[in-house]
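With CSV, C-alpha atoms inside, this is target19.csv:
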chain,number,residue,atom,x,y,z
L,125,MET,CA,-117.1,89.6,-58.8
L,126,THR,CA,-116.8,92.1,-61.6
L,127,THR,CA,-117.5,89.3,-64.2
L,128,LEU,CA,-120.6,88.3,-62.3
L,129,ILE,CA,-121.9,91.8,-62.2
L,130,THR,CA,-121.2,92.2,-65.9
L,131,CYS,CA,-123.2,89.0,-66.6
L,132,CYS,CA,-126.0,90.3,-64.4
L,133,PHE,CA,-126.1,93.6,-66.3
L,134,GLY,CA,-126.2,91.6,-69.6
L,135,ILE,CA,-129.3,89.6,-68.5
L,136,CYS,CA,-131.0,92.8,-67.2
L,137,MET,CA,-130.2,94.7,-70.4
L,138,ALA,CA,-131.8,91.9,-72.5
L,139,VAL,CA,-134.9,91.8,-70.3
L,140,TYR,CA,-135.3,95.6,-70.5
L,141,MET,CA,-134.7,95.7,-74.3
L,142,ALA,CA,-137.1,92.8,-75.0
L,143,CYS,CA,-139.9,94.3,-72.8
L,144,GLY,CA,-139.3,97.8,-74.3
L,145,ILE,CA,-139.5,96.6,-77.9
L,146,LEU,CA,-142.5,94.4,-77.2
L,147,LEU,CA,-144.4,97.2,-75.6
L,148,TRP,CA,-143.5,99.6,-78.3
L,149,THR,CA,-144.9,97.3,-81.0
L,150,LYS,CA,-148.2,96.9,-78.9
L,151,ARG,CA,-148.5,100.6,-77.9
L,152,LYS,CA,-151.3,101.4,-80.4
L,153,GLU,CA,-153.6,98.6,-79.1
L,154,VAL,CA,-154.6,100.8,-76.2
L,155,GLN,CA,-156.1,104.3,-76.0
L,156,ASP,CA,-153.8,105.6,-73.3
L,157,ARG,CA,-150.0,106.1,-73.4
L,158,SER,CA,-149.2,103.5,-70.7
L,159,ARG,CA,-147.4,101.1,-73.0
L,160,LEU,CA,-145.6,103.9,-74.7
L,161,TYR,CA,-144.2,105.3,-71.5
L,162,LEU,CA,-143.2,101.8,-70.1
L,163,SER,CA,-141.5,101.0,-73.4
L,164,ILE,CA,-139.5,104.2,-73.3
L,165,PHE,CA,-138.4,103.4,-69.8
L,166,GLY,CA,-137.3,99.9,-70.8
L,167,ILE,CA,-135.4,101.0,-73.8
L,168,VAL,CA,-133.6,103.9,-72.0
L,169,VAL,CA,-132.5,101.7,-69.1
L,170,SER,CA,-131.3,99.0,-71.5
L,171,ILE,CA,-129.2,101.5,-73.2
L,172,SER,CA,-127.7,102.7,-69.9
L,173,TYR,CA,-126.9,99.0,-69.0
L,174,LEU,CA,-125.2,98.6,-72.4
L,175,ALA,CA,-123.1,101.7,-71.8
L,176,ARG,CA,-122.1,100.4,-68.3
L,177,ILE,CA,-121.2,97.0,-69.8
L,178,ALA,CA,-119.1,98.6,-72.5
L,179,THR,CA,-117.3,100.7,-69.9
L,180,MET,CA,-116.5,97.8,-67.7
L,181,THR,CA,-115.4,95.7,-70.7
L,182,ASN,CA,-113.0,98.4,-71.9
L,183,ASN,CA,-111.6,99.0,-68.4
L,184,GLN,CA,-111.0,95.6,-66.7
L,185,GLU,CA,-109.7,97.3,-63.6
L,186,LEU,CA,-112.9,99.2,-63.0
L,187,LYS,CA,-114.9,98.0,-60.0
L,188,PRO,CA,-118.4,99.4,-60.3
L,189,TYR,CA,-119.2,98.9,-56.6
L,190,MET,CA,-116.3,100.8,-54.9
L,191,GLU,CA,-117.5,104.4,-54.8
L,192,LEU,CA,-120.2,105.7,-52.5
L,193,LEU,CA,-122.9,108.1,-53.9
L,194,PRO,CA,-121.4,108.1,-57.4
L,195,PRO,CA,-122.8,111.1,-59.2
L,196,PHE,CA,-123.8,109.1,-62.3
L,197,SER,CA,-125.7,106.6,-60.2
L,198,VAL,CA,-127.5,109.3,-58.2
L,199,ILE,CA,-128.6,111.2,-61.2
L,200,GLY,CA,-129.3,108.1,-63.3
L,201,GLY,CA,-131.3,106.5,-60.4
L,202,LEU,CA,-133.4,109.6,-60.1
L,203,LEU,CA,-134.0,109.7,-63.8
L,204,ALA,CA,-134.9,106.0,-63.9
L,205,ILE,CA,-137.4,106.1,-61.1
L,206,THR,CA,-139.0,109.2,-62.6
L,207,LEU,CA,-139.3,107.5,-66.0
L,208,PHE,CA,-140.8,104.4,-64.4
L,209,LEU,CA,-143.4,106.3,-62.4
L,210,ILE,CA,-144.8,108.0,-65.5
L,211,TYR,CA,-146.2,104.6,-66.4
L,212,PRO,CA,-148.4,104.0,-63.3
L,213,ILE,CA,-149.4,107.7,-63.3
L,214,GLU,CA,-150.7,107.3,-66.8
L,215,VAL,CA,-152.6,104.1,-65.8
L,216,MET,CA,-154.2,105.9,-62.9
L,217,ARG,CA,-154.9,109.2,-64.7
L,218,PRO,CA,-154.7,108.8,-68.5
L,219,ARG,CA,-153.3,111.9,-70.3
L,220,TRP,CA,-153.1,113.8,-67.0
L,221,LEU,CA,-149.4,114.1,-67.0
L,222,ASN,CA,-149.0,116.8,-69.6
L,223,GLY,CA,-147.4,120.2,-69.8
L,224,TRP,CA,-146.4,121.7,-66.4
L,225,ARG,CA,-147.0,118.5,-64.5
L,226,LEU,CA,-144.5,116.7,-66.6
L,227,LEU,CA,-142.0,119.5,-66.2
L,228,LEU,CA,-142.6,119.5,-62.5
L,229,LEU,CA,-141.9,115.8,-62.3
L,230,PHE,CA,-138.6,116.1,-64.0
L,231,SER,CA,-137.5,119.4,-62.4
L,232,PRO,CA,-135.6,117.6,-59.5
L,233,ILE,CA,-133.4,115.9,-62.0
L,234,VAL,CA,-132.6,119.2,-63.7
L,235,PHE,CA,-131.8,120.8,-60.4
L,236,ILE,CA,-129.5,118.0,-59.3
L,237,ALA,CA,-127.7,117.6,-62.7
L,238,ALA,CA,-127.4,121.3,-63.7
L,239,PRO,CA,-124.4,122.1,-61.3
L,240,ALA,CA,-122.4,119.3,-62.9
L,241,LEU,CA,-123.0,120.8,-66.4
L,242,PHE,CA,-121.6,124.1,-65.1
L,243,GLY,CA,-118.4,122.6,-63.8
L,244,LEU,CA,-119.1,121.5,-60.3
L,245,ARG,CA,-116.5,118.8,-59.3
L,246,PHE,CA,-117.7,115.8,-57.4
L,247,GLN,CA,-115.4,114.5,-54.6
L,248,PRO,CA,-114.9,110.7,-54.9
L,249,LEU,CA,-116.3,109.0,-51.7
L,250,MET,CA,-114.6,105.6,-51.2
L,251,SER,CA,-115.9,104.9,-47.7
L,252,MET,CA,-118.3,106.1,-45.0
L,253,SER,CA,-115.5,108.1,-43.3
L,254,ASP,CA,-115.0,110.0,-46.6
L,255,LEU,CA,-118.7,110.7,-46.7
L,256,TRP,CA,-118.7,112.1,-43.1
L,257,GLU,CA,-115.6,114.1,-43.8
L,258,HIS,CA,-117.1,115.9,-46.9
L,259,ILE,CA,-120.8,115.8,-45.9
L,260,ALA,CA,-121.1,119.6,-45.7
L,261,GLU,CA,-119.5,120.2,-49.2
L,262,PRO,CA,-122.0,121.3,-51.9
L,263,ASP,CA,-121.4,118.3,-54.2
L,264,VAL,CA,-122.1,115.8,-51.4
L,265,VAL,CA,-125.1,117.8,-50.2
L,266,LEU,CA,-126.5,117.8,-53.7
L,267,ARG,CA,-126.1,114.0,-54.0
L,268,LEU,CA,-127.8,113.4,-50.7
L,269,LEU,CA,-130.6,115.7,-51.8
L,270,GLY,CA,-131.0,113.6,-54.9
L,271,VAL,CA,-131.4,110.5,-52.7
L,272,VAL,CA,-134.0,112.1,-50.5
L,273,THR,CA,-135.9,113.4,-53.6
L,274,LEU,CA,-136.0,109.9,-54.9
L,275,THR,CA,-137.7,108.7,-51.8
L,276,PHE,CA,-140.4,111.3,-52.1
L,277,ILE,CA,-140.9,110.6,-55.8
L,278,SER,CA,-141.3,106.8,-55.2
L,279,LEU,CA,-144.2,107.7,-52.8
L,280,LEU,CA,-145.9,110.0,-55.3
L,281,LEU,CA,-148.4,107.3,-56.3
L,282,LEU,CA,-150.1,107.4,-52.9
L,283,VAL,CA,-151.2,111.0,-53.5
L,284,ILE,CA,-152.2,110.9,-57.2
L,285,PRO,CA,-156.0,111.1,-57.4
L,286,TYR,CA,-157.8,109.0,-59.9
L,287,ASN,CA,-161.3,108.5,-61.4
L,288,TRP,CA,-162.5,104.9,-61.6
L,289,ARG,CA,-164.4,105.7,-64.8
L,290,MET,CA,-161.1,106.5,-66.6
L,291,SER,CA,-158.6,104.4,-64.8
L,292,SER,CA,-157.9,100.6,-64.7
L,293,ALA,CA,-156.0,101.0,-61.5
L,294,ASP,CA,-157.5,100.3,-58.1
L,295,TYR,CA,-156.1,100.9,-54.6
L,296,HIS,CA,-154.6,97.4,-54.4
L,297,TRP,CA,-152.7,98.0,-57.7
L,298,VAL,CA,-151.5,101.4,-56.5
L,299,ARG,CA,-150.3,100.0,-53.2
L,300,ARG,CA,-148.6,97.0,-54.9
L,301,THR,CA,-146.9,99.3,-57.4
L,302,THR,CA,-145.8,101.7,-54.7
L,303,LEU,CA,-144.3,98.9,-52.6
L,304,MET,CA,-142.4,97.6,-55.7
L,305,ALA,CA,-141.1,101.2,-56.3
L,306,GLN,CA,-140.0,101.4,-52.6
L,307,MET,CA,-138.2,98.1,-52.9
L,308,ILE,CA,-136.3,99.6,-55.9
L,309,SER,CA,-135.4,102.5,-53.7
L,310,VAL,CA,-134.3,100.4,-50.7
L,311,LEU,CA,-131.9,98.3,-52.9
L,312,TYR,CA,-130.8,101.5,-54.6
L,313,PHE,CA,-129.9,103.1,-51.3
L,314,GLY,CA,-127.9,99.9,-50.4
L,315,LEU,CA,-126.2,100.2,-53.8
L,316,ILE,CA,-125.0,103.8,-53.5
L,317,LEU,CA,-124.4,103.9,-49.7
L,318,THR,CA,-122.2,100.8,-49.4
L,319,ASN,CA,-119.5,99.2,-51.4
L,320,LEU,CA,-121.2,95.8,-51.4
L,321,ALA,CA,-121.5,94.2,-54.9
L,322,VAL,CA,-124.5,92.2,-53.7
L,323,PHE,CA,-126.7,95.3,-53.8
L,324,GLN,CA,-125.6,95.9,-57.4
L,325,ILE,CA,-126.8,92.4,-58.3
L,326,LEU,CA,-130.0,92.5,-56.3
L,327,HIS,CA,-131.0,95.9,-57.5
L,328,SER,CA,-130.5,95.1,-61.1
L,329,LEU,CA,-132.4,91.8,-60.9
L,330,TRP,CA,-135.3,93.3,-59.0
L,331,CYS,CA,-135.7,96.1,-61.5
L,332,ALA,CA,-135.6,93.6,-64.4
L,333,PHE,CA,-138.3,91.6,-62.6
L,334,VAL,CA,-140.4,94.7,-62.1
L,335,ILE,CA,-140.5,95.7,-65.8
L,336,ALA,CA,-141.1,92.0,-66.8
L,337,TYR,CA,-144.0,91.9,-64.3
L,338,PHE,CA,-145.6,95.1,-65.6
L,339,THR,CA,-145.1,94.1,-69.2
L,340,TYR,CA,-147.0,90.9,-68.6
L,341,ASN,CA,-149.6,92.8,-66.6
L,342,GLU,CA,-150.0,95.3,-69.4
L,343,LEU,CA,-150.4,92.7,-72.2
L,344,GLN,CA,-152.3,89.9,-70.4
L,345,VAL,CA,-154.0,91.2,-67.3
L,346,ARG,CA,-154.9,94.9,-67.3
L,347,LEU,CA,-158.1,96.0,-68.9
L,348,VAL,CA,-158.0,99.4,-70.6
L,349,PRO,CA,-160.8,102.0,-69.9
L,350,VAL,CA,-163.2,102.6,-72.8
L,351,GLY,CA,-165.3,105.2,-71.1
L,352,VAL,CA,-168.1,104.7,-68.6
L,353,PRO,CA,-171.1,107.1,-68.4
L,354,GLU,CA,-170.5,109.8,-65.7
L,355,SER,CA,-173.9,109.1,-64.2
L,356,LEU,CA,-172.8,105.7,-63.0
L,357,GLY,CA,-171.5,105.2,-59.5
L,358,ASP,CA,-172.7,108.4,-57.9
L,359,GLY,CA,-174.9,108.5,-54.8
L,360,GLY,CA,-178.1,109.3,-56.8
L,361,ASP,CA,-181.4,110.3,-55.4
L,362,LEU,CA,-182.4,107.7,-52.8
L,363,SER,CA,-185.5,109.6,-51.8
L,364,VAL,CA,-187.6,107.5,-54.1
L,365,VAL,CA,-186.7,104.4,-52.0
L,366,GLU,CA,-185.9,105.9,-48.6
L,367,ASN,CA,-189.2,104.6,-47.1
L,368,LYS,CA,-188.8,101.1,-48.6
L,369,ASP,CA,-187.1,98.1,-47.1
L,370,LEU,CA,-183.3,97.4,-47.4
L,371,TRP,CA,-183.6,95.0,-50.3
L,372,GLN,CA,-185.5,97.6,-52.4
L,373,GLN,CA,-182.8,100.1,-51.6
L,374,VAL,CA,-180.0,97.7,-52.6
L,375,SER,CA,-181.9,96.7,-55.8
L,376,TYR,CA,-182.3,100.4,-56.6
L,377,LEU,CA,-178.5,100.9,-56.4
L,378,MET,CA,-177.8,97.8,-58.4
L,379,ASP,CA,-180.6,97.7,-61.0
L,380,ILE,CA,-181.1,101.4,-61.5
L,381,LYS,CA,-177.8,103.1,-60.6
L,382,GLU,CA,-175.7,100.1,-61.7
L,383,TYR,CA,-173.2,100.3,-58.8
L,384,TRP,CA,-171.6,97.1,-60.0
L,385,ARG,CA,-170.2,99.0,-62.9
L,386,ASN,CA,-167.8,100.7,-60.5
L,387,PRO,CA,-164.9,98.4,-59.8
L,388,ASP,CA,-164.3,100.1,-56.4
L,389,THR,CA,-167.7,99.3,-55.1
L,390,THR,CA,-167.6,97.3,-51.8
L,391,VAL,CA,-170.1,96.2,-49.3
L,392,ALA,CA,-168.8,99.0,-47.1
L,393,SER,CA,-169.4,101.7,-49.7
L,394,VAL,CA,-172.9,100.4,-50.4
L,395,SER,CA,-173.8,100.3,-46.7
L,396,GLN,CA,-172.4,103.9,-46.3
L,397,THR,CA,-174.5,105.1,-49.2
L,398,LEU,CA,-177.6,103.5,-47.6
L,399,GLY,CA,-176.7,104.7,-44.1
L,400,THR,CA,-176.7,101.2,-42.6
L,401,ASN,CA,-174.4,98.5,-41.4
L,402,ARG,CA,-172.3,96.4,-43.9
L,403,ILE,CA,-173.4,93.2,-42.1
L,404,TYR,CA,-177.1,94.1,-42.8
L,405,VAL,CA,-176.3,94.7,-46.5
L,406,ALA,CA,-174.4,91.4,-46.8
L,407,ARG,CA,-177.1,89.5,-45.0
L,408,CYS,CA,-179.9,91.1,-47.0
L,409,ILE,CA,-178.2,90.1,-50.3
L,410,LYS,CA,-177.6,86.6,-49.0
L,411,GLU,CA,-181.2,86.1,-48.0
L,412,HIS,CA,-182.7,87.3,-51.3
L,413,THR,CA,-180.2,85.9,-53.8
L,414,GLY,CA,-178.3,83.1,-51.9
L,415,MET,CA,-175.1,84.7,-52.9
L,416,THR,CA,-172.3,86.6,-51.1
L,417,PHE,CA,-171.9,90.3,-51.9
L,418,ASN,CA,-169.0,89.7,-54.2
L,419,ASP,CA,-170.7,86.9,-56.1
L,420,TYR,CA,-173.8,89.1,-56.4
L,421,MET,CA,-171.8,91.9,-57.9
L,422,ASN,CA,-169.9,89.6,-60.3
L,423,SER,CA,-173.1,87.9,-61.4
L,424,LYS,CA,-174.5,91.3,-62.4
L,425,ARG,CA,-171.3,92.0,-64.3
L,426,VAL,CA,-171.4,88.7,-66.1
L,427,ASP,CA,-175.1,89.1,-67.0
L,428,PHE,CA,-174.2,92.5,-68.5
L,429,MET,CA,-171.4,91.0,-70.5
L,430,ALA,CA,-173.5,88.0,-71.7
L,431,ASN,CA,-176.3,90.3,-72.8
L,432,LEU,CA,-174.0,92.5,-74.9
L,433,LEU,CA,-172.2,89.5,-76.4
L,434,ARG,CA,-175.5,88.1,-77.6
L,435,GLN,CA,-176.3,91.4,-79.2
L,436,ASN,CA,-172.8,91.8,-80.8
L,437,PRO,CA,-170.7,88.6,-80.7
L,438,THR,CA,-167.8,90.4,-82.6
L,439,GLN,CA,-167.1,93.1,-80.0
L,440,ASN,CA,-163.9,93.5,-78.2
L,441,GLN,CA,-164.2,91.3,-75.1
L,442,LYS,CA,-161.4,93.0,-73.1
L,443,GLN,CA,-163.1,96.4,-73.5
L,444,LEU,CA,-166.4,94.8,-72.5
L,445,PHE,CA,-164.8,93.3,-69.4
L,446,PHE,CA,-163.7,96.7,-68.2
L,447,ALA,CA,-167.1,98.3,-69.0
L,448,ALA,CA,-168.7,95.6,-66.9
L,449,GLY,CA,-166.7,96.6,-63.8
L,450,PHE,CA,-163.8,94.1,-63.8
L,451,ARG,CA,-160.2,95.3,-63.3
L,452,SER,CA,-158.4,92.4,-65.0
L,453,TYR,CA,-158.9,89.9,-67.7
L,454,PRO,CA,-158.3,86.7,-65.6
L,455,THR,CA,-160.8,87.9,-63.0
L,456,ALA,CA,-163.4,88.6,-65.7
L,457,HIS,CA,-162.8,85.3,-67.5
L,458,ARG,CA,-162.9,83.3,-64.3
L,459,ASN,CA,-166.2,84.7,-63.2
L,460,PHE,CA,-167.8,84.4,-66.6
L,461,VAL,CA,-167.0,80.6,-66.5
L,462,LYS,CA,-168.2,80.4,-62.9
L,463,PHE,CA,-171.7,81.9,-63.7
L,464,LYS,CA,-172.2,80.8,-67.3
L,465,GLY,CA,-170.4,77.5,-67.3
L,466,CYS,CA,-168.2,78.3,-70.3
L,467,SER,CA,-165.7,80.9,-71.6
L,468,PRO,CA,-166.9,84.1,-73.3
L,469,THR,CA,-165.6,82.7,-76.6
L,470,GLU,CA,-167.6,79.5,-76.2
L,471,TYR,CA,-170.6,81.5,-75.1
L,472,VAL,CA,-170.4,83.6,-78.3
L,473,GLY,CA,-170.2,80.4,-80.4
L,474,LYS,CA,-173.7,79.4,-79.2
L,475,PHE,CA,-175.2,82.4,-80.9
L,476,SER,CA,-173.1,82.7,-84.0

Any chance you could give the structure as structure tokens?
Amino acid sequence: MTTLITCCFGICMAVYMACGILLWTKRKEVQDRSRLYLSIFGIVVSISYLARIATMTNNQELKPYMELLPPFSVIGGLLAITLFLIYPIEVMRPRWLNGWRLLLLFSPIVFIAAPALFGLRFQPLMSMSDLWEHIAEPDVVLRLLGVVTLTFISLLLLVIPYNWRMSSADYHWVRRTTLMAQMISVLYFGLILTNLAVFQILHSLWCAFVIAYFTYNELQVRLVPVGVPESLGDGGDLSVVENKDLWQQVSYLMDIKEYWRNPDTTVASVSQTLGTNRIYVARCIKEHTGMTFNDYMNSKRVDFMANLLRQNPTQNQKQLFFAAGFRSYPTAHRNFVKFKGCSPTEYVGKFS
């Protein structure tokens, strides 16, 4: 089993290192620090895997899955999840995690690790009976506190506010990322609270999948904010159309206020702004355009993109996609083909 775990560590180390180096080389292609933070996470974790592989190789009798709540794993796990969460926070709120906020995020690690630096001895816990026997001792309480802290940190994304004008993250992305972080935590708890090697393997492979997933998302899917005028997406003054019919009100929001530029705009948010029912809004748009609400929004975005591409065929298409209100490159590309019958590159070729 030790050999299998060593091989698993080797695979994960290679994935982390490859993703970290790739993101590092591509970090200057975006305006925020997301790729920088994710690359640092990948490289740091790959180095930790390398150290564990070297330790296991030099000590063939060492079984990495015997001890419960090993201090290195508790502190290392807390550091790893904190390093990972810096990436989605940067995506949600670019350049927000500076100064005291960054110190506050890492303060639990310092609090948990500091006693060890000042000579606190950690009692080896080889079974659950050992854990219950020593549960009131300071070193065990400290480790349990680290586990509880990790749980709260992994839920931090749910309370971080974000501005859609600056962020490429939406609520679906935040929920998905939080769930992935929670799965890391669940497997981590299984790893440190049991002596089952299966949790060691599952935890390592899942973490490797997570960084591979976000590396692909960062390089191929996510669109990076380029700045959207602050005037877009607010409620605006509807008094100029309050006495008009529903279609004129919808047209005002879309043609004048450009609500489609906000990726978070939904039929519910539009109906709330207009003080009416979402069914009425959807039906109104269907009657006047023959399209569903989503198709109507996406057609507006595609028309915006096509107009700017005609004016400047050489501009960055990914930045244009985000400015149009899309969250990801595949979604923008798919809708452009749907409404224009060709890809953006082919569309540009018609005017060059």

Handout entry: Selected residue of minimal separation from Gly144 (chain L) among L:Met307, L:Met216, L:Tyr312, L:Phe338, counting all atoms listed in the file
Key =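 Distance minimum relative to Gly144 (chain L) lands on L:Phe338.
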
Handout entry: Atom-to-atom span, CA of Ser172 (chain L) and CA of Thr149 (chain L), Å
Key =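 So the answer is 21.2 Å.
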
Practice task
Using all atoms listed in the file, pick whichever of L:Ile325, L:Leu398, L:Ile145, L:Met137 has the shortest atom-to-atom distance to Ser170 (chain L).
Solution key: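 Smallest distance to Ser170 (chain L) is found for L:Met137.
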
Handout entry: CA of Gln373 (chain L) to CA of Arg385 (chain L), distance in Å rounded to a single decimal
Key = 17.0 Å

Handout entry: Among listed residues L:Thr302, L:Asn422, L:Gln396, L:Ser278, nearest Leu229 (chain L) (using all atoms listed in the file)
Key =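 Using all atoms listed in the file, the shortest distance to Leu229 (chain L) belongs to L:Ser278.
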
Problem - Length of the CA of Tyr471 (chain L) to CA of Leu432 (chain L) vector [Å] - result: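 About the pair CA of Tyr471 (chain L) and CA of Leu432 (chain L): they are 11.5 Å apart.
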
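You can rank L:Ile177, L:Val169, L:Val472, L:Ala204 by their closest distance to Pro437 (chain L) using only C-alpha atoms, and at the top of that list sits L:Val472.
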
Problem - Non-local contacts of Val322 (chain L) (10 Å; all atoms listed in the file; under 4 positions in same chain excluded) as a VMD selection string - result: chain L and resid 125 129 189 311 314 to 315 318 326 to 328

Exercise for the section: Just the residues within 12 Å of Asp419 (chain L), please, counting all atoms listed in the file, with nothing from its chain fewer than 5 positions along; format it as a ChimeraX atom specification. Expected result: /L:384,390-391,406,409-410,413-414,424-427,458-460,462-463

For the selection just defined, write its residues with C-alpha atoms to a file, as a PDB file, in the frame of the given file.
ATOM      1  CA  TRP L 384    -171.600  97.100 -60.000  1.00  0.00           C
ATOM      2  CA  THR L 390    -167.600  97.300 -51.800  1.00  0.00           C
ATOM      3  CA  VAL L 391    -170.100  96.200 -49.300  1.00  0.00           C
ATOM      4  CA  ALA L 406    -174.400  91.400 -46.800  1.00  0.00           C
ATOM      5  CA  ILE L 409    -178.200  90.100 -50.300  1.00  0.00           C
ATOM      6  CA  LYS L 410    -177.600  86.600 -49.000  1.00  0.00           C
ATOM      7  CA  THR L 413    -180.200  85.900 -53.800  1.00  0.00           C
ATOM      8  CA  GLY L 414    -178.300  83.100 -51.900  1.00  0.00           C
ATOM      9  CA  LYS L 424    -174.500  91.300 -62.400  1.00  0.00           C
ATOM     10  CA  ARG L 425    -171.300  92.000 -64.300  1.00  0.00           C
ATOM     11  CA  VAL L 426    -171.400  88.700 -66.100  1.00  0.00           C
ATOM     12  CA  ASP L 427    -175.100  89.100 -67.000  1.00  0.00           C
ATOM     13  CA  ARG L 458    -162.900  83.300 -64.300  1.00  0.00           C
ATOM     14  CA  ASN L 459    -166.200  84.700 -63.200  1.00  0.00           C
ATOM     15  CA  PHE L 460    -167.800  84.400 -66.600  1.00  0.00           C
ATOM     16  CA  LYS L 462    -168.200  80.400 -62.900  1.00  0.00           C
ATOM     17  CA  PHE L 463    -171.700  81.900 -63.700  1.00  0.00           C
TER      18      PHE L 463
END

Practice task
Kindly indicate which residue among L:Val139, L:Thr469, L:Ser251, L:Tyr420 lies nearest to Gln439 (chain L), using all atoms listed in the file for the distances.
Solution key: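 So, comparing all the options, the nearest one is L:Thr469.
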
Practice task
Would you please work out which residue, of L:Gly223, L:Tyr140, L:Val271, L:Leu320, is nearest to Leu174 (chain L) when using only C-alpha atoms?
Solution key: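 Using only C-alpha atoms, the shortest distance to Leu174 (chain L) belongs to L:Tyr140.
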
Contact residues around Gln324 (chain L) with only C-alpha atoms at 12 Å, ignoring same-chain residues under 5 positions, as an mmCIF file with C-alpha atoms, in the frame of the given file:
data_model
loop_
_atom_site.group_PDB
_atom_site.id
_atom_site.type_symbol
_atom_site.label_atom_id
_atom_site.label_comp_id
_atom_site.auth_asym_id
_atom_site.auth_seq_id
_atom_site.Cartn_x
_atom_site.Cartn_y
_atom_site.Cartn_z
ATOM 1 C CA MET L 125 -117.100 89.600 -58.800
ATOM 2 C CA THR L 126 -116.800 92.100 -61.600
ATOM 3 C CA LEU L 128 -120.600 88.300 -62.300
ATOM 4 C CA ILE L 129 -121.900 91.800 -62.200
ATOM 5 C CA THR L 130 -121.200 92.200 -65.900
ATOM 6 C CA CYS L 131 -123.200 89.000 -66.600
ATOM 7 C CA CYS L 132 -126.000 90.300 -64.400
ATOM 8 C CA PHE L 133 -126.100 93.600 -66.300
ATOM 9 C CA CYS L 136 -131.000 92.800 -67.200
ATOM 10 C CA LYS L 187 -114.900 98.000 -60.000
ATOM 11 C CA PRO L 188 -118.400 99.400 -60.300
ATOM 12 C CA TYR L 189 -119.200 98.900 -56.600
ATOM 13 C CA MET L 190 -116.300 100.800 -54.900
ATOM 14 C CA SER L 197 -125.700 106.600 -60.200
ATOM 15 C CA ILE L 308 -136.300 99.600 -55.900
ATOM 16 C CA VAL L 310 -134.300 100.400 -50.700
ATOM 17 C CA LEU L 311 -131.900 98.300 -52.900
ATOM 18 C CA TYR L 312 -130.800 101.500 -54.600
ATOM 19 C CA PHE L 313 -129.900 103.100 -51.300
ATOM 20 C CA GLY L 314 -127.900 99.900 -50.400
ATOM 21 C CA LEU L 315 -126.200 100.200 -53.800
ATOM 22 C CA ILE L 316 -125.000 103.800 -53.500
ATOM 23 C CA LEU L 317 -124.400 103.900 -49.700
ATOM 24 C CA THR L 318 -122.200 100.800 -49.400
ATOM 25 C CA ASN L 319 -119.500 99.200 -51.400
ATOM 26 C CA LEU L 329 -132.400 91.800 -60.900
ATOM 27 C CA TRP L 330 -135.300 93.300 -59.000
ATOM 28 C CA CYS L 331 -135.700 96.100 -61.500
#

Could you check which residues have any atom within 12 Å of (-148.6, 103.8, -55.6), counting all atoms listed in the file with coordinates taken straight from the file, and then list them as a compact mmCIF listing (two decimals) with C-alpha atoms, in the coordinates of the input?
# COMPACT_ATOMS: atom_id res chain seq x y z
CA PHE L 208 -140.80 104.40 -64.40
CA LEU L 209 -143.40 106.30 -62.40
CA ILE L 210 -144.80 108.00 -65.50
CA TYR L 211 -146.20 104.60 -66.40
CA PRO L 212 -148.40 104.00 -63.30
CA ILE L 213 -149.40 107.70 -63.30
CA GLU L 214 -150.70 107.30 -66.80
CA VAL L 215 -152.60 104.10 -65.80
CA MET L 216 -154.20 105.90 -62.90
CA PHE L 276 -140.40 111.30 -52.10
CA ILE L 277 -140.90 110.60 -55.80
CA SER L 278 -141.30 106.80 -55.20
CA LEU L 279 -144.20 107.70 -52.80
CA LEU L 280 -145.90 110.00 -55.30
CA LEU L 281 -148.40 107.30 -56.30
CA LEU L 282 -150.10 107.40 -52.90
CA VAL L 283 -151.20 111.00 -53.50
CA ILE L 284 -152.20 110.90 -57.20
CA PRO L 285 -156.00 111.10 -57.40
CA TYR L 286 -157.80 109.00 -59.90
CA ALA L 293 -156.00 101.00 -61.50
CA ASP L 294 -157.50 100.30 -58.10
CA TYR L 295 -156.10 100.90 -54.60
CA HIS L 296 -154.60 97.40 -54.40
CA TRP L 297 -152.70 98.00 -57.70
CA VAL L 298 -151.50 101.40 -56.50
CA ARG L 299 -150.30 100.00 -53.20
CA ARG L 300 -148.60 97.00 -54.90
CA THR L 301 -146.90 99.30 -57.40
CA THR L 302 -145.80 101.70 -54.70
CA LEU L 303 -144.30 98.90 -52.60
CA MET L 304 -142.40 97.60 -55.70
CA ALA L 305 -141.10 101.20 -56.30
CA GLN L 306 -140.00 101.40 -52.60

Handout entry: Non-local contacts of Glu342 (chain L) (12 Å; all atoms listed in the file; under 2 positions in same chain excluded) as number ranges by chain
Key = L: 143, 146-148, 150-151, 153-154, 156-163, 211-212, 215, 292-293, 335-340, 344-348, 451-453

Handout entry: Residues within 9 Å of region 433-435 of chain L, only C-alpha atoms, excluding chain neighbours under 3 positions, as a list in words
Key = Phe428, Met429, Ala430, Thr438, Gln439, Gln441, Leu444, Pro468, Tyr471, Val472, Phe475 and Ser476 of chain L

Practice task
Counting all atoms listed in the file, select every polymer residue within 12 Å of (-132.4, 112.5, -52.3) as defined in the file's coordinates, and provide the selection as a PyMOL selection string.
Solution key: chain L and resi 193+195+197-199+201-203+205+232-233+235-236+264-278+309+312-313+316
